[in-house]
$ cat data_21.cif   # mmCIF, N, CA and C atoms
data_final
loop_
_atom_site.label_atom_id
_atom_site.label_comp_id
_atom_site.auth_asym_id
_atom_site.auth_seq_id
_atom_site.Cartn_x
_atom_site.Cartn_y
_atom_site.Cartn_z
N MET A 1 107.64 108.78 104.39
CA MET A 1 108.07 108.88 105.77
C MET A 1 106.89 108.77 106.73
N LYS A 2 105.72 109.32 106.31
CA LYS A 2 104.57 109.26 107.20
C LYS A 2 104.06 107.83 107.35
N TYR A 3 104.26 106.99 106.31
CA TYR A 3 103.87 105.60 106.42
C TYR A 3 104.77 104.85 107.40
N ILE A 4 106.05 105.15 107.35
CA ILE A 4 106.99 104.49 108.26
C ILE A 4 106.69 104.87 109.71
N LYS A 5 106.42 106.15 109.95
CA LYS A 5 106.08 106.58 111.32
C LYS A 5 104.77 105.96 111.77
N SER A 6 103.80 105.91 110.86
CA SER A 6 102.51 105.34 111.21
C SER A 6 102.63 103.84 111.48
N LEU A 7 103.41 103.14 110.67
CA LEU A 7 103.66 101.72 110.93
C LEU A 7 104.41 101.54 112.25
N GLY A 8 105.33 102.46 112.55
CA GLY A 8 106.04 102.40 113.82
C GLY A 8 105.11 102.56 114.99
N ILE A 9 104.18 103.50 114.89
CA ILE A 9 103.19 103.69 115.95
C ILE A 9 102.38 102.41 116.14
N PHE A 10 101.96 101.82 115.01
CA PHE A 10 101.18 100.59 115.08
C PHE A 10 101.99 99.47 115.72
N LEU A 11 103.19 99.24 115.23
CA LEU A 11 103.99 98.11 115.71
C LEU A 11 104.40 98.27 117.17
N ILE A 12 104.81 99.47 117.55
CA ILE A 12 105.24 99.69 118.94
C ILE A 12 104.08 99.48 119.91
N SER A 13 102.92 100.08 119.60
CA SER A 13 101.78 99.90 120.50
C SER A 13 101.28 98.46 120.49
N PHE A 14 101.26 97.84 119.32
CA PHE A 14 100.79 96.46 119.21
C PHE A 14 101.70 95.49 119.96
N ILE A 15 102.99 95.61 119.75
CA ILE A 15 103.93 94.70 120.40
C ILE A 15 103.98 94.94 121.91
N PHE A 16 104.04 96.21 122.33
CA PHE A 16 104.12 96.53 123.75
C PHE A 16 102.90 96.01 124.51
N LEU A 17 101.71 96.26 123.97
CA LEU A 17 100.50 95.81 124.66
C LEU A 17 100.38 94.29 124.65
N ASN A 18 100.83 93.64 123.58
CA ASN A 18 100.79 92.18 123.55
C ASN A 18 101.80 91.56 124.50
N ILE A 19 102.93 92.21 124.73
CA ILE A 19 103.87 91.71 125.72
C ILE A 19 103.26 91.77 127.11
N ILE A 20 102.56 92.84 127.41
CA ILE A 20 101.90 92.95 128.71
C ILE A 20 100.85 91.85 128.88
N ILE A 21 100.07 91.60 127.84
CA ILE A 21 99.06 90.54 127.90
C ILE A 21 99.72 89.17 128.03
N SER A 22 100.85 88.98 127.37
CA SER A 22 101.56 87.70 127.47
C SER A 22 102.07 87.47 128.89
N ILE A 23 102.55 88.52 129.52
CA ILE A 23 103.01 88.40 130.91
C ILE A 23 101.84 88.06 131.83
N LEU A 24 100.73 88.74 131.64
CA LEU A 24 99.55 88.43 132.46
C LEU A 24 99.06 87.00 132.21
N SER A 25 99.15 86.56 130.97
CA SER A 25 98.75 85.20 130.63
C SER A 25 99.71 84.18 131.23
N TYR A 26 100.99 84.50 131.23
CA TYR A 26 101.99 83.59 131.78
C TYR A 26 101.76 83.32 133.27
N PHE A 27 101.40 84.36 133.99
CA PHE A 27 101.13 84.21 135.41
C PHE A 27 99.69 83.80 135.69
N GLU A 28 98.94 83.50 134.65
CA GLU A 28 97.56 83.03 134.73
C GLU A 28 96.67 83.97 135.53
N LEU A 29 96.83 85.26 135.28
CA LEU A 29 96.01 86.26 135.96
C LEU A 29 94.71 86.54 135.22
N LEU A 30 94.67 86.15 133.94
CA LEU A 30 93.47 86.38 133.13
C LEU A 30 93.02 85.07 132.50
N ASN A 31 91.73 84.98 132.28
CA ASN A 31 91.12 83.84 131.62
C ASN A 31 91.47 83.88 130.12
N THR A 32 91.50 82.74 129.47
CA THR A 32 91.83 82.65 128.06
C THR A 32 90.84 83.43 127.19
N ASN A 33 89.56 83.36 127.52
CA ASN A 33 88.55 84.10 126.75
C ASN A 33 88.75 85.60 126.88
N ILE A 34 89.10 86.05 128.06
CA ILE A 34 89.34 87.48 128.28
C ILE A 34 90.59 87.92 127.51
N ILE A 35 91.60 87.08 127.48
CA ILE A 35 92.82 87.41 126.75
C ILE A 35 92.53 87.56 125.26
N ASN A 36 91.70 86.68 124.71
CA ASN A 36 91.36 86.77 123.29
C ASN A 36 90.61 88.07 122.98
N ILE A 37 89.72 88.46 123.86
CA ILE A 37 88.99 89.71 123.67
C ILE A 37 89.93 90.90 123.77
N ILE A 38 90.84 90.86 124.74
CA ILE A 38 91.80 91.96 124.92
C ILE A 38 92.73 92.06 123.71
N LYS A 39 93.10 90.94 123.11
CA LYS A 39 93.95 90.98 121.92
C LYS A 39 93.25 91.67 120.76
N ILE A 40 91.97 91.45 120.60
CA ILE A 40 91.21 92.15 119.55
C ILE A 40 91.14 93.63 119.86
N ILE A 41 90.92 93.98 121.12
CA ILE A 41 90.89 95.39 121.52
C ILE A 41 92.24 96.05 121.28
N ILE A 42 93.33 95.33 121.55
CA ILE A 42 94.67 95.86 121.30
C ILE A 42 94.87 96.14 119.82
N THR A 43 94.43 95.22 118.98
CA THR A 43 94.54 95.42 117.53
C THR A 43 93.74 96.64 117.09
N ILE A 44 92.53 96.77 117.59
CA ILE A 44 91.68 97.91 117.24
C ILE A 44 92.33 99.21 117.70
N LEU A 45 92.85 99.24 118.91
CA LEU A 45 93.49 100.43 119.44
C LEU A 45 94.73 100.82 118.64
N SER A 46 95.57 99.84 118.33
CA SER A 46 96.80 100.11 117.58
C SER A 46 96.50 100.61 116.17
N ILE A 47 95.54 100.00 115.52
CA ILE A 47 95.17 100.42 114.17
C ILE A 47 94.55 101.81 114.19
N SER A 48 93.74 102.08 115.19
CA SER A 48 93.13 103.41 115.30
C SER A 48 94.17 104.50 115.52
N LEU A 49 95.16 104.22 116.34
CA LEU A 49 96.21 105.20 116.58
C LEU A 49 97.02 105.49 115.31
N SER A 50 97.37 104.44 114.59
CA SER A 50 98.13 104.66 113.35
C SER A 50 97.28 105.34 112.29
N GLY A 51 96.00 105.02 112.22
CA GLY A 51 95.11 105.67 111.27
C GLY A 51 94.90 107.14 111.58
N LEU A 52 94.75 107.45 112.85
CA LEU A 52 94.62 108.86 113.24
C LEU A 52 95.88 109.63 112.88
N TYR A 53 97.03 109.03 113.11
CA TYR A 53 98.29 109.70 112.80
C TYR A 53 98.41 109.98 111.30
N ILE A 54 98.13 108.97 110.48
CA ILE A 54 98.28 109.17 109.05
C ILE A 54 97.21 110.12 108.52
N GLY A 55 96.04 110.13 109.14
CA GLY A 55 95.01 111.07 108.73
C GLY A 55 95.39 112.50 109.06
N ILE A 56 95.99 112.72 110.22
CA ILE A 56 96.42 114.06 110.61
C ILE A 56 97.56 114.54 109.72
N LYS A 57 98.43 113.64 109.30
CA LYS A 57 99.57 114.02 108.47
C LYS A 57 99.21 114.14 106.99
N SER A 58 98.03 113.67 106.58
CA SER A 58 97.63 113.73 105.17
C SER A 58 97.08 115.11 104.83
N ASN A 59 97.21 115.47 103.57
CA ASN A 59 96.67 116.75 103.11
C ASN A 59 95.24 116.62 102.62
N LYS A 60 94.93 115.53 101.95
CA LYS A 60 93.57 115.29 101.47
C LYS A 60 93.37 113.80 101.26
N LYS A 61 92.12 113.41 101.11
CA LYS A 61 91.73 112.03 100.87
C LYS A 61 92.33 111.07 101.90
N GLY A 62 91.91 111.25 103.12
CA GLY A 62 92.39 110.41 104.21
C GLY A 62 91.99 108.96 104.06
N TYR A 63 90.86 108.71 103.39
CA TYR A 63 90.44 107.34 103.22
C TYR A 63 91.40 106.56 102.32
N LEU A 64 91.99 107.22 101.33
CA LEU A 64 92.97 106.54 100.48
C LEU A 64 94.25 106.24 101.25
N GLU A 65 94.67 107.18 102.08
CA GLU A 65 95.86 106.95 102.91
C GLU A 65 95.60 105.79 103.88
N GLY A 66 94.41 105.75 104.45
CA GLY A 66 94.06 104.66 105.34
C GLY A 66 93.97 103.32 104.62
N LEU A 67 93.47 103.36 103.39
CA LEU A 67 93.39 102.14 102.59
C LEU A 67 94.79 101.61 102.27
N LYS A 68 95.70 102.51 101.94
CA LYS A 68 97.08 102.10 101.67
C LYS A 68 97.72 101.50 102.92
N LEU A 69 97.60 102.20 104.03
CA LEU A 69 98.21 101.72 105.27
C LEU A 69 97.55 100.43 105.74
N GLY A 70 96.24 100.33 105.61
CA GLY A 70 95.55 99.09 105.96
C GLY A 70 96.01 97.93 105.10
N GLY A 71 96.24 98.19 103.82
CA GLY A 71 96.77 97.15 102.94
C GLY A 71 98.16 96.71 103.35
N ILE A 72 98.98 97.65 103.76
CA ILE A 72 100.33 97.31 104.22
C ILE A 72 100.27 96.46 105.48
N ILE A 73 99.42 96.85 106.42
CA ILE A 73 99.31 96.10 107.68
C ILE A 73 98.76 94.69 107.43
N VAL A 74 97.75 94.58 106.57
CA VAL A 74 97.20 93.26 106.26
C VAL A 74 98.24 92.39 105.57
N THR A 75 99.04 93.00 104.69
CA THR A 75 100.11 92.24 104.02
C THR A 75 101.13 91.73 105.04
N ILE A 76 101.48 92.56 106.00
CA ILE A 76 102.40 92.13 107.06
C ILE A 76 101.79 90.98 107.86
N PHE A 77 100.52 91.11 108.22
CA PHE A 77 99.85 90.04 108.97
C PHE A 77 99.79 88.75 108.15
N LEU A 78 99.49 88.88 106.84
CA LEU A 78 99.44 87.70 105.98
C LEU A 78 100.80 87.00 105.93
N LEU A 79 101.85 87.78 105.77
CA LEU A 79 103.18 87.18 105.72
C LEU A 79 103.54 86.49 107.04
N ILE A 80 103.17 87.11 108.14
CA ILE A 80 103.47 86.53 109.45
C ILE A 80 102.70 85.23 109.65
N THR A 81 101.45 85.17 109.21
CA THR A 81 100.66 83.95 109.39
C THR A 81 101.03 82.88 108.38
N LEU A 82 101.53 83.25 107.23
CA LEU A 82 101.89 82.24 106.22
C LEU A 82 103.19 81.52 106.56
N ILE A 83 104.11 82.20 107.24
CA ILE A 83 105.41 81.60 107.52
C ILE A 83 105.29 80.35 108.41
N PRO A 84 104.65 80.42 109.59
CA PRO A 84 104.63 79.20 110.41
C PRO A 84 103.52 78.21 110.05
N LYS A 85 102.41 78.69 109.54
CA LYS A 85 101.24 77.82 109.38
C LYS A 85 101.01 77.35 107.95
N GLY A 86 101.55 78.02 106.97
CA GLY A 86 101.19 77.72 105.60
C GLY A 86 99.92 78.47 105.25
N ILE A 87 99.27 78.04 104.23
CA ILE A 87 98.08 78.76 103.77
C ILE A 87 96.85 78.19 104.47
N ILE A 88 96.33 78.96 105.42
CA ILE A 88 95.10 78.59 106.11
C ILE A 88 94.21 79.82 106.13
N PHE A 89 93.17 79.79 105.33
CA PHE A 89 92.23 80.91 105.29
C PHE A 89 90.84 80.37 105.54
N ASN A 90 90.11 81.07 106.37
CA ASN A 90 88.71 80.77 106.57
C ASN A 90 87.95 82.10 106.59
N LYS A 91 86.66 82.03 106.77
CA LYS A 91 85.86 83.26 106.71
C LYS A 91 86.20 84.22 107.85
N PHE A 92 86.62 83.71 108.98
CA PHE A 92 86.96 84.59 110.10
C PHE A 92 88.27 85.34 109.84
N THR A 93 89.20 84.69 109.18
CA THR A 93 90.46 85.35 108.84
C THR A 93 90.21 86.49 107.88
N TRP A 94 89.41 86.25 106.86
CA TRP A 94 89.10 87.31 105.89
C TRP A 94 88.30 88.43 106.56
N LEU A 95 87.39 88.07 107.45
CA LEU A 95 86.63 89.08 108.17
C LEU A 95 87.54 89.93 109.04
N TYR A 96 88.52 89.31 109.67
CA TYR A 96 89.49 90.01 110.51
C TYR A 96 90.30 91.00 109.67
N TYR A 97 90.77 90.58 108.50
CA TYR A 97 91.55 91.44 107.63
C TYR A 97 90.69 92.58 107.06
N LEU A 98 89.45 92.30 106.73
CA LEU A 98 88.56 93.36 106.27
C LEU A 98 88.27 94.36 107.38
N MET A 99 88.17 93.86 108.62
CA MET A 99 87.97 94.75 109.76
C MET A 99 89.17 95.68 109.92
N ILE A 100 90.37 95.15 109.75
CA ILE A 100 91.58 95.96 109.87
C ILE A 100 91.58 97.08 108.83
N ILE A 101 91.27 96.74 107.58
CA ILE A 101 91.27 97.74 106.52
C ILE A 101 90.18 98.78 106.76
N ALA A 102 88.98 98.32 107.11
CA ALA A 102 87.87 99.26 107.34
C ALA A 102 88.16 100.19 108.51
N LEU A 103 88.73 99.66 109.56
CA LEU A 103 89.06 100.47 110.73
C LEU A 103 90.16 101.48 110.42
N GLU A 104 91.13 101.07 109.62
CA GLU A 104 92.20 101.98 109.21
C GLU A 104 91.65 103.12 108.36
N VAL A 105 90.75 102.81 107.43
CA VAL A 105 90.14 103.84 106.60
C VAL A 105 89.30 104.79 107.45
N LEU A 106 88.52 104.24 108.35
CA LEU A 106 87.68 105.07 109.22
C LEU A 106 88.50 105.97 110.12
N SER A 107 89.53 105.43 110.74
CA SER A 107 90.33 106.24 111.67
C SER A 107 91.16 107.28 110.92
N SER A 108 91.62 106.98 109.71
CA SER A 108 92.36 108.01 108.96
C SER A 108 91.42 109.11 108.48
N THR A 109 90.19 108.76 108.18
CA THR A 109 89.20 109.78 107.81
C THR A 109 88.89 110.67 109.01
N ILE A 110 88.77 110.07 110.17
CA ILE A 110 88.56 110.86 111.39
C ILE A 110 89.78 111.75 111.66
N GLY A 111 90.97 111.21 111.43
CA GLY A 111 92.19 111.98 111.64
C GLY A 111 92.29 113.20 110.74
N ILE A 112 91.91 113.06 109.48
CA ILE A 112 91.97 114.21 108.58
C ILE A 112 90.90 115.23 108.94
N ASN A 113 89.77 114.77 109.46
CA ASN A 113 88.74 115.71 109.91
C ASN A 113 89.15 116.43 111.18
N ILE A 114 89.89 115.76 112.06
CA ILE A 114 90.42 116.42 113.26
C ILE A 114 91.38 117.53 112.84
N LYS A 115 92.19 117.23 111.83
CA LYS A 115 93.15 118.22 111.35
C LYS A 115 92.42 119.43 110.78
N LYS A 116 91.34 119.21 110.03
CA LYS A 116 90.58 120.32 109.45
C LYS A 116 89.91 121.15 110.53
N ASP A 117 89.44 120.51 111.59
CA ASP A 117 88.78 121.23 112.67
C ASP A 117 89.75 122.12 113.43
N LYS A 118 91.02 121.72 113.51
CA LYS A 118 92.01 122.51 114.22
C LYS A 118 92.43 123.75 113.42
N SER A 119 92.34 123.65 112.09
CA SER A 119 92.78 124.79 111.27
C SER A 119 91.75 125.88 111.18
#
$ encode --input "data_21.cif" --output "C-alpha cells"
Amino acid sequence: MKYIKSLGIFLISFIFLNIIISILSYFELLNTNIINIIKIIITILSISLSGLYIGIKSNKKGYLEGLKLGGIIVTIFLLITLIPKGIIFNKFTWLYYLMIIALEVLSSTIGINIKKDKS
C-alpha cells in the first residue's frame, strides 16, 4: 500500500506540474531551454517527494525501499518511452534513469532519517 501511495504522490505531482508547464509553453511564456530545465526540476521534485514519503513510512533500510520504488518508476518511464518511439537508448537516457534511481534511494534514506529524528 505504501508503494501505491508513493507512486500516487509521484504521478500526481509530476502530471500536475507538467500540465502547468505545458500551458505556459502553449502560450509561449517561457523559452524552450527554460522549459527543458524546469521539466528536469519537476522530475527531481516529484521523485524526492515520493522518496521522502516511502522513507518515512519504512521501518528500516530506506535505501532498499527507494531502490524498489526507483525501479518501478524507471520501468514505468521505459514502458512509456517504448510505446511511441520503439527502442531508442543512448547514454543520456541511461544517465537519466540512473539519476532517477539514485535520487529515489537518497530521498528515501533522508526520509527514514527524518522519521528517526522525530522519534
$ resolve_selection --input "data_21.cif" --expression "the PyMOL selection byres ((chain A and resi 109) around 6.5)" --output "list in words"
Gly51, Gly55, Gly62, Tyr63, Gly66, Glu104, Val105, Leu106, Ser107, Ser108, Ile110, Gly111, Ile112, Asn113 and Ile114 of chain A
$ atom_distance --input "data_21.cif" --atom1 "atom C of Ile76 of chain A" --atom2 "atom C of Phe14 of chain A"
12.9 Å
$ closest_residue --input "data_21.cif" --among "A:Phe16, A:Met1, A:Ala102, A:Phe27" --to "Ile44 of chain A" --atoms "only C-alpha atoms"
A:Ala102
$ residues_around --input "data_21.cif" --residues "Ile38 of chain A" --least-positions-apart "4" --cutoff "10 Å" --atoms "only C-alpha atoms" --output "PyMOL selection string"
chain A and resi 17-18+21+32-34+42-44
$ closest_residue --input "data_21.cif" --among "A:Leu67, A:Leu82, A:Leu49, A:Met99" --to "Gly8 of chain A" --atoms "only C-alpha atoms"
A:Leu49
$ axis_aligned_box --input "data_21.cif" --around "segment 110-116 of chain A" --padding-each-side "8 Å" --output "JSON"
{"center_x": 90.9, "center_y": 115.6, "center_z": 110.9, "size_x": 20.6, "size_y": 27.1, "size_z": 20.7}
$ decode --input "data_21.cif" --residues "chain A" --atoms "C-alpha atoms" --output "PDB file, in the first residue's frame"
ATOM      1  CA  MET A   1       0.000   0.000   0.000  1.00  0.00           C
ATOM      2  CA  LYS A   2       2.876   2.381   0.743  1.00  0.00           C
ATOM      3  CA  TYR A   3       4.208   1.849  -2.786  1.00  0.00           C
ATOM      4  CA  ILE A   4       0.850   2.715  -4.303  1.00  0.00           C
ATOM      5  CA  LYS A   5       0.582   5.893  -2.216  1.00  0.00           C
ATOM      6  CA  SER A   6       4.154   6.828  -3.029  1.00  0.00           C
ATOM      7  CA  LEU A   7       3.582   6.246  -6.743  1.00  0.00           C
ATOM      8  CA  GLY A   8       0.407   8.316  -6.441  1.00  0.00           C
ATOM      9  CA  ILE A   9       2.353  11.179  -4.897  1.00  0.00           C
ATOM     10  CA  PHE A  10       4.884  10.934  -7.706  1.00  0.00           C
ATOM     11  CA  LEU A  11       2.334  10.741 -10.514  1.00  0.00           C
ATOM     12  CA  ILE A  12       0.032  13.461  -9.196  1.00  0.00           C
ATOM     13  CA  SER A  13       2.841  15.959  -8.626  1.00  0.00           C
ATOM     14  CA  PHE A  14       4.575  15.018 -11.884  1.00  0.00           C
ATOM     15  CA  ILE A  15       1.462  15.257 -14.042  1.00  0.00           C
ATOM     16  CA  PHE A  16       0.098  18.409 -12.347  1.00  0.00           C
ATOM     17  CA  LEU A  17       3.362  20.326 -12.669  1.00  0.00           C
ATOM     18  CA  ASN A  18       3.847  19.192 -16.272  1.00  0.00           C
ATOM     19  CA  ILE A  19       0.350  20.383 -17.165  1.00  0.00           C
ATOM     20  CA  ILE A  20       1.218  23.815 -15.793  1.00  0.00           C
ATOM     21  CA  ILE A  21       4.439  23.862 -17.829  1.00  0.00           C
ATOM     22  CA  SER A  22       2.532  22.747 -20.927  1.00  0.00           C
ATOM     23  CA  ILE A  23       0.083  25.615 -20.516  1.00  0.00           C
ATOM     24  CA  LEU A  24       2.922  28.100 -20.127  1.00  0.00           C
ATOM     25  CA  SER A  25       4.595  26.595 -23.181  1.00  0.00           C
ATOM     26  CA  TYR A  26       1.382  26.764 -25.198  1.00  0.00           C
ATOM     27  CA  PHE A  27       1.086  30.487 -24.590  1.00  0.00           C
ATOM     28  CA  GLU A  28       4.816  30.864 -25.321  1.00  0.00           C
ATOM     29  CA  LEU A  29       5.543  32.481 -21.974  1.00  0.00           C
ATOM     30  CA  LEU A  30       8.753  30.505 -21.471  1.00  0.00           C
ATOM     31  CA  ASN A  31      11.729  29.746 -23.664  1.00  0.00           C
ATOM     32  CA  THR A  32      12.220  26.136 -24.815  1.00  0.00           C
ATOM     33  CA  ASN A  33      15.543  25.823 -22.958  1.00  0.00           C
ATOM     34  CA  ILE A  34      13.935  27.051 -19.741  1.00  0.00           C
ATOM     35  CA  ILE A  35      11.081  24.577 -20.166  1.00  0.00           C
ATOM     36  CA  ASN A  36      13.541  21.688 -20.523  1.00  0.00           C
ATOM     37  CA  ILE A  37      15.329  22.722 -17.338  1.00  0.00           C
ATOM     38  CA  ILE A  38      12.027  23.099 -15.480  1.00  0.00           C
ATOM     39  CA  LYS A  39      10.964  19.610 -16.606  1.00  0.00           C
ATOM     40  CA  ILE A  40      14.101  18.129 -15.057  1.00  0.00           C
ATOM     41  CA  ILE A  41      13.450  20.094 -11.856  1.00  0.00           C
ATOM     42  CA  ILE A  42       9.858  18.795 -11.828  1.00  0.00           C
ATOM     43  CA  THR A  43      11.123  15.220 -12.135  1.00  0.00           C
ATOM     44  CA  ILE A  44      13.618  15.756  -9.320  1.00  0.00           C
ATOM     45  CA  LEU A  45      10.961  17.335  -7.094  1.00  0.00           C
ATOM     46  CA  SER A  46       8.390  14.600  -7.743  1.00  0.00           C
ATOM     47  CA  ILE A  47      10.884  11.798  -7.141  1.00  0.00           C
ATOM     48  CA  SER A  48      12.134  13.459  -3.972  1.00  0.00           C
ATOM     49  CA  LEU A  49       8.614  13.789  -2.592  1.00  0.00           C
ATOM     50  CA  SER A  50       7.782  10.146  -3.258  1.00  0.00           C
ATOM     51  CA  GLY A  51      11.133   9.019  -1.837  1.00  0.00           C
ATOM     52  CA  LEU A  52      10.644  11.035   1.324  1.00  0.00           C
ATOM     53  CA  TYR A  53       7.184   9.547   1.747  1.00  0.00           C
ATOM     54  CA  ILE A  54       8.331   5.959   1.339  1.00  0.00           C
ATOM     55  CA  GLY A  55      11.297   6.594   3.621  1.00  0.00           C
ATOM     56  CA  ILE A  56       9.059   7.972   6.364  1.00  0.00           C
ATOM     57  CA  LYS A  57       6.686   5.012   6.019  1.00  0.00           C
ATOM     58  CA  SER A  58       9.506   2.421   6.061  1.00  0.00           C
ATOM     59  CA  ASN A  59      10.645   0.712   9.230  1.00  0.00           C
ATOM     60  CA  LYS A  60      14.237   0.039   8.202  1.00  0.00           C
ATOM     61  CA  LYS A  61      16.558   0.006   5.194  1.00  0.00           C
ATOM     62  CA  GLY A  62      15.163   3.029   3.413  1.00  0.00           C
ATOM     63  CA  TYR A  63      17.681   2.650   0.620  1.00  0.00           C
ATOM     64  CA  LEU A  64      16.155  -0.696  -0.381  1.00  0.00           C
ATOM     65  CA  GLU A  65      12.663   0.795  -0.396  1.00  0.00           C
ATOM     66  CA  GLY A  66      13.956   3.655  -2.532  1.00  0.00           C
ATOM     67  CA  LEU A  67      15.682   1.220  -4.866  1.00  0.00           C
ATOM     68  CA  LYS A  68      12.447  -0.729  -5.313  1.00  0.00           C
ATOM     69  CA  LEU A  69      10.386   2.395  -5.930  1.00  0.00           C
ATOM     70  CA  GLY A  70      13.037   3.835  -8.249  1.00  0.00           C
ATOM     71  CA  GLY A  71      12.979   0.606 -10.232  1.00  0.00           C
ATOM     72  CA  ILE A  72       9.206   0.796 -10.528  1.00  0.00           C
ATOM     73  CA  ILE A  73       9.334   4.412 -11.715  1.00  0.00           C
ATOM     74  CA  VAL A  74      12.092   3.673 -14.238  1.00  0.00           C
ATOM     75  CA  THR A  75      10.086   0.693 -15.524  1.00  0.00           C
ATOM     76  CA  ILE A  76       7.054   2.944 -15.994  1.00  0.00           C
ATOM     77  CA  PHE A  77       9.180   5.511 -17.831  1.00  0.00           C
ATOM     78  CA  LEU A  78      10.712   2.782 -20.016  1.00  0.00           C
ATOM     79  CA  LEU A  79       7.294   1.456 -20.966  1.00  0.00           C
ATOM     80  CA  ILE A  80       6.032   4.941 -21.762  1.00  0.00           C
ATOM     81  CA  THR A  81       9.027   5.708 -23.987  1.00  0.00           C
ATOM     82  CA  LEU A  82       8.980   2.329 -25.731  1.00  0.00           C
ATOM     83  CA  ILE A  83       5.338   2.560 -26.821  1.00  0.00           C
ATOM     84  CA  PRO A  84       5.541   5.556 -29.199  1.00  0.00           C
ATOM     85  CA  LYS A  85       9.225   5.558 -30.135  1.00  0.00           C
ATOM     86  CA  GLY A  86      10.373   1.952 -30.118  1.00  0.00           C
ATOM     87  CA  ILE A  87      13.724   1.100 -28.659  1.00  0.00           C
ATOM     88  CA  ILE A  88      15.902   4.197 -28.555  1.00  0.00           C
ATOM     89  CA  PHE A  89      18.586   4.225 -25.890  1.00  0.00           C
ATOM     90  CA  ASN A  90      21.582   6.472 -25.649  1.00  0.00           C
ATOM     91  CA  LYS A  91      23.947   7.414 -22.856  1.00  0.00           C
ATOM     92  CA  PHE A  92      21.765  10.335 -21.763  1.00  0.00           C
ATOM     93  CA  THR A  93      18.710   8.123 -21.379  1.00  0.00           C
ATOM     94  CA  TRP A  94      20.614   5.684 -19.184  1.00  0.00           C
ATOM     95  CA  LEU A  95      22.094   8.569 -17.209  1.00  0.00           C
ATOM     96  CA  TYR A  96      18.585   9.981 -16.691  1.00  0.00           C
ATOM     97  CA  TYR A  97      17.285   6.627 -15.423  1.00  0.00           C
ATOM     98  CA  LEU A  98      20.286   6.172 -13.124  1.00  0.00           C
ATOM     99  CA  MET A  99      19.673   9.678 -11.788  1.00  0.00           C
ATOM    100  CA  ILE A 100      16.064   8.735 -11.012  1.00  0.00           C
ATOM    101  CA  ILE A 101      17.100   5.613  -9.104  1.00  0.00           C
ATOM    102  CA  ALA A 102      19.918   7.368  -7.227  1.00  0.00           C
ATOM    103  CA  LEU A 103      17.668  10.271  -6.266  1.00  0.00           C
ATOM    104  CA  GLU A 104      14.929   7.905  -5.090  1.00  0.00           C
ATOM    105  CA  VAL A 105      17.421   5.990  -2.925  1.00  0.00           C
ATOM    106  CA  LEU A 106      18.857   9.204  -1.497  1.00  0.00           C
ATOM    107  CA  SER A 107      15.489  10.776  -0.722  1.00  0.00           C
ATOM    108  CA  SER A 108      14.127   7.593   0.879  1.00  0.00           C
ATOM    109  CA  THR A 109      17.240   7.394   3.046  1.00  0.00           C
ATOM    110  CA  ILE A 110      16.690  11.002   4.086  1.00  0.00           C
ATOM    111  CA  GLY A 111      13.031  10.193   4.763  1.00  0.00           C
ATOM    112  CA  ILE A 112      13.851   7.315   7.093  1.00  0.00           C
ATOM    113  CA  ASN A 113      16.359   9.511   8.918  1.00  0.00           C
ATOM    114  CA  ILE A 114      13.715  12.230   9.330  1.00  0.00           C
ATOM    115  CA  LYS A 115      11.450   9.605  10.850  1.00  0.00           C
ATOM    116  CA  LYS A 116      14.185   8.522  13.295  1.00  0.00           C
ATOM    117  CA  ASP A 117      14.855  12.122  14.310  1.00  0.00           C
ATOM    118  CA  LYS A 118      11.184  12.666  15.157  1.00  0.00           C
ATOM    119  CA  SER A 119      11.027   9.612  17.414  1.00  0.00           C
TER     120      SER A 119
END
